[in-house]
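Report on the following structure.
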There are 2 protein chains.
Amino acid sequence: MKAVKRPTIKEIARKLRISPSTVSRALHDHPSIGLVTTMRVKKLAEELNYEPNQTAIFFKQRKTFTIAVVLPSLSEPFFSVAISEIENIANARDYTVIMGQTLDDEQRERRIIETLKAHRVDGIIVSMGKNTSDYGFIDILKNAGIPVVFFDCVPDLPNENRIVSNLRTGMLEAIATFHAKGHQKIGLINGPSQLPASKEREMAFRHGFAIHKLLYEEQYVVHSDLSRSGNIQAIEKLLSLPERPSALICFNDYVTLDVMKAVREKGLVINQDIYFISFANYPLWQHMDNPPMASIEQFPDKQGAKAAEVLFDLIDNKAEDMKPQYIVFESSLISHNF
Amino acid sequence: MKAVKRPTIKEIARKLRISPSTVSRALHDHPSIGLVTTMRVKKLAEELNYEPNQTAIFFKQRKTFTIAVVLPSLSEPFFSVAISEIENIANARDYTVIMGQTLDDEQRERRIIETLKAHRVDGIIVSMGKNTSDYGFIDILKNAGIPVVFFDCVPDLPNENRIVSNLRTGMLEAIATFHAKGHQKIGLINGPSQLPASKEREMAFRHGFAIHKLLYEEQYVVHSDLSRSGNIQAIEKLLSLPERPSALICFNDYVTLDVMKAVREKGLVINQDIYFISFANYPLWQHMDNPPMASIEQFPDKQGAKAAEVLFDLIDNKAEDMKPQYIVFESSLISHNF
DNA sequence: GGGAGTAAGGCAAACGGTTGCGCTATTTTT
DNA sequence: AAAAATAGCGCAACCGTTTGCCTTACTCCC
């Protein structure tokens with residue numbers, strides 16, 4: 001691809017025998033430039049197909065009209081929906097969006113953030129990796145004057161801007177629903193116990209039991225590493241209990257799929273012998289004929305949109321008159337069956 | 001967020017009472033700078049937490065170390081997988097990735113591409129929108145010296161770099177598989193007939209019939225607008241034929257889900273009364289207990305990776321000694337059942 | 001001792017655009 | 001008619017880094 005020389009303000013100035021500053025002002029309709037000159041400049045600019053060199057402007061204005069989104073995985077539906085919404089909002093404001101995918105690797109996350117800082121992005125939206133323990137990057141960005149908004153997986157720091165979904169609400173709804181149907185033995189197939197997402201689910205689960213005065217029994221909460229076989233081991237553990245659960249809440253939709261399959265193979269009938277509520281609510285349930293009773297929707301679209309809005313508020317408000325925002329989206333039960 | 005002033009080369013120079021050029025050279029280990037000076041510079045740079053202003057460098061070097069990916073939707077799994085792979089490759093080369101989502105809107109596509117050109121990205125990967133008919137943007141980018149690689153949905157222009165998947169292969173495999181099992185009445189639930197993707201499927205479908213000397217009958221090919229109800233209408237049309245098909249090939253996995261559900265509701269047994277082969281091979285089948293016989297994988301990951309590789313070849317090879325690449329990935333049947 | 005060679009670093013221009021401040025005319029005001 | 005205001009435009013600096021070329025001061029060698 002040959003290097004193409006693109007017209008500059010200086011060229012226009014030379015051809016018109018006027019100064020570059022006049023050209024610049026004319027192109028911006030500055031009042032102190034006469035009408036005729038302005039027209040001549042614009043006409044020639046049009047003819048030459050002139051367009052400003054943004055890199056020069058970015059440089060001079062110390063602004064790049066670019067925001068970045070850093071998250072564990074782009075192919076994960078939750079994130080791709082969120083990023084899609086973020087792109088929409090940025091696009092409407094003529095910002096571009098850079099993305100970085102950390103793959104839950106703390107080193108890589110760090111590197112990406114450094115690169116973005118070097119690129120002088122105007123702001124960053126971050127969903128931290130599962131394993132990220134070193135929050136040093138926050139100060140680094142702060143020192144660089146780059147505003148940050150966290151979403152989904154956020155640090156436990158009250159001074160940061162954070163957008164999260166509250167799993168509790170959905171979980172309580174789920175338990176209330178099961179309880180209303182008379183279920184007493186409700187199981188939870190949770191994710192790895194060190195995951196904040198797992199901890200949150202478990203807390204909410206216990207809370208729900210307390211509210212409804214259900215007897216909480218440890219053995220009804222099992223953990224899976226979220227692999228296929230892990231999921232199957234988890235359900236087998238539950239099914240081998242003296243009194244097997246009649247209702248199950250699963251960590252996410254993929255777990256639910258695996259578990260439902262395993263349960264069917266044991267000869268149990270879904271939504272009859274055993275009921276399910278799942279997390280995430282991927283679109284697939286709409287197409288299935290015996291989906292779980294419900295799925296707990298976490299609204300990645302709303303979270304993404306809100307994160308973008310807060311970030312743009314930060315970018316616009318140069319002043320620091322904005323308190324750190326902590327916005328919680330209540331998750332909500334979406335019924336599929338009954 | 002207060003504007004933070006970040007140290008510059010000039011500052012370092014001033015504090016050390018040497019010239020900026022010396023500082024710049026020292027930081028780059030230029031041989032003509034003495035060891036002591038180099039060390040002094042590096043030490044101070046470290047202390048001040050200096051880092052080069054990339055926007056200045058981008059500007060000066062006429063290079064942004066940024067590529068862009070423009071595609072219809074970020075939340076579509078096919079694309080999010082592709083983009084994930086692209087990001088990986090770019091990241092390994094210390095490039096950043098900007099994304100733009102056209103939502104199949106030609107205006108928006110155009111605007112995004114203009115913005116990216118203005119941003120002076122080093123290259124662009126494009127999957128065109130369904131409705132894009134005006135290829136003018138190609139020349140615009142060419143004039144700007146920005147290399148372009150198309151993938152998935154590509155223009156029919158032999159001079160462009162194009163990465164596509166060949167649906168034909170998978171389709172032929174599908175028909176061969178069905179034929180080998182003795183199926184004679186094979187149906188196709190296709191997408192909207194004006195879509196290139198639909199046309200391609202239909203062509204391959206006919207081709208497969210010809211190869212196996214099957215009797216091709218028009219009424220076994222139906223179209224759906226890909227909505228839920230469209231899918232159901234389509235299958236009902238097929239089931240109401242005097243001799244209903246015993247095997248079905250569906251436009252994509254979502255169509256398959258809907259159709260399988262409808263078929264089950266009619267009392268037919270999947271993989272017994274009627275067999276399915278689907279396109280796309282989303283991960284969900286692995287978790288289901290009665291998936292279609294097979295799904296035709298189009299390898300978005302490989303396509304994305306290849307697109308990125310070709311683009312970087314173009315970016316590196318300033319010379320125009322590269323012929324336009326036309327790379328076809330053969331789609332391939334992935335068995336799920338039997 | 002004088003010329004050549006080398007090591008170490010400075011000068012200044014350049015990338016493209018923006019902007020504060022001047023400088024000329026011309027017009028308006030008194 | 002002199003003073004003041006205004007319109008229209010140019011000068012030059014600046015943003016931060018890079019780089020070709022020049023300068024200075026040694027060192028070396030015949």
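Identifiers in this document derive from the order of the structure tokens: chains are assigned A, B, ..., residues are numbered from 1 separately in each chain, and ligands are numbered from 1 in order of occurrence.
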### Task
Could you please select, counting only C-alpha atoms (C1' of nucleotides), the residues of chain C within 12 Å of chain B and state them as a PyMOL selection string?
chain C and resi 6-12+14-17
### Query
What are the DSSP helix (DSSP H, G or I) residues of segment 149-331 of chain A, as a count of residues only?
80
For chain B against chain A, with a cut-off of 6 Å and counting only C-alpha atoms, what is the closest atom pair and its distance in Å to one decimal for every residue that makes the cut, ordered by chain and number, as a Markdown table?
```
| residue | atom | partner | partner_atom | distance |
| --- | --- | --- | --- | --- |
| B:Met1 | CA | A:Lys318 | CA | 5.2 |
| B:Ala3 | CA | A:Gly145 | CA | 5.9 |
| B:Val4 | CA | A:Gly145 | CA | 5.3 |
| B:Gln54 | CA | A:His119 | CA | 5.6 |
| B:Thr55 | CA | A:Phe59 | CA | 5.1 |
| B:Ala56 | CA | A:Phe59 | CA | 5.5 |
| B:Phe59 | CA | A:Thr55 | CA | 5.1 |
| B:Leu74 | CA | A:Ser84 | CA | 5.4 |
| B:Ser75 | CA | A:Ser80 | CA | 4.7 |
| B:Ser80 | CA | A:Ser75 | CA | 4.7 |
| B:Val81 | CA | A:Ser75 | CA | 4.9 |
| B:Ser84 | CA | A:Leu74 | CA | 5.4 |
| B:Val97 | CA | A:Ile98 | CA | 5.5 |
| B:Ile98 | CA | A:Ile98 | CA | 4.2 |
| B:Met99 | CA | A:Val97 | CA | 6.0 |
| B:Ala118 | CA | A:Gln54 | CA | 5.8 |
| B:His119 | CA | A:Gln54 | CA | 5.6 |
| B:Gly145 | CA | A:Val4 | CA | 5.4 |
| B:Leu257 | CA | A:His287 | CA | 5.4 |
| B:Asp258 | CA | A:His287 | CA | 5.0 |
| B:Lys261 | CA | A:Asp289 | CA | 5.4 |
| B:His287 | CA | A:Asp258 | CA | 5.0 |
| B:Asp289 | CA | A:Lys261 | CA | 5.4 |
| B:Lys318 | CA | A:Met1 | CA | 5.3 |
| B:Glu320 | CA | A:Met1 | CA | 5.3 |
```
For the selection just defined, write its residues with C-alpha atoms to a file, as a compact mmCIF listing (two decimals), in the first residue's frame.
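So the final result, stored in again-v4.txt, reads:
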```txt
# COMPACT_ATOMS: atom_id res chain seq x y z
CA MET B 1 -10.92 14.39 36.34
CA ALA B 3 -5.93 17.45 33.60
CA VAL B 4 -2.72 15.90 34.74
CA GLN B 54 2.10 8.27 21.75
CA THR B 55 -0.23 10.75 20.15
CA ALA B 56 2.80 12.86 19.30
CA PHE B 59 1.40 12.08 14.48
CA LEU B 74 -20.76 -7.32 17.93
CA SER B 75 -23.21 -9.40 19.85
CA SER B 80 -17.65 -11.89 18.47
CA VAL B 81 -15.61 -15.04 18.05
CA SER B 84 -11.82 -12.07 19.66
CA VAL B 97 -8.18 -2.72 17.83
CA ILE B 98 -10.99 -0.27 17.25
CA MET B 99 -14.37 -1.69 16.53
CA ALA B 118 -9.99 10.27 9.94
CA HIS B 119 -8.45 8.45 12.86
CA GLY B 145 -3.70 4.51 1.61
CA LEU B 257 -33.84 -24.81 17.47
CA ASP B 258 -37.19 -23.36 16.51
CA LYS B 261 -39.23 -27.58 18.77
CA HIS B 287 -24.83 -29.21 26.17
CA ASP B 289 -29.23 -34.08 24.91
CA LYS B 318 4.62 -1.16 2.23
CA GLU B 320 2.55 -3.32 -3.31
```
Contact residues around Gln219 of chain B with only C-alpha atoms (C1' of nucleotides) at 9 Å, ignoring same-chain residues under 4 positions, as a PDB file with C-alpha atoms, in the first residue's frame:
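The resulting selection-v2.pdb:
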```
ATOM      1  CA  GLY B 187     -35.527 -30.390   2.804  1.00  0.00           C
ATOM      2  CA  LYS B 237     -44.942 -25.879   4.823  1.00  0.00           C
ATOM      3  CA  LEU B 238     -42.529 -28.764   4.619  1.00  0.00           C
ATOM      4  CA  LEU B 241     -46.096 -31.883   1.813  1.00  0.00           C
TER       5      LEU B 241
END
```
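The residue set within 9 Å of Glu202 of chain A, counting only C-alpha atoms (C1' of nucleotides) and dropping same-chain residues fewer than 3 places from it, reads Leu188, Asn190, Ala197, Ser198, Lys199, Phe205, Arg206, His207 and Val221 of chain A.
Among the residues of segment 88-202 of chain B, backbone DSSP assigns strand (DSSP E or B) to B:Thr96, B:Val97, B:Ile98, B:Met99, B:Gly100, B:Gln101, B:Gly123, B:Ile124, B:Ile125, B:Val126, B:Val148, B:Val149, B:Phe150, B:Phe151, B:Asn161, B:Arg162, B:Ile163, B:Val164, B:Ser165, B:Asn166, B:Ile186, B:Gly187, B:Leu188, B:Ile189, B:Asn190.
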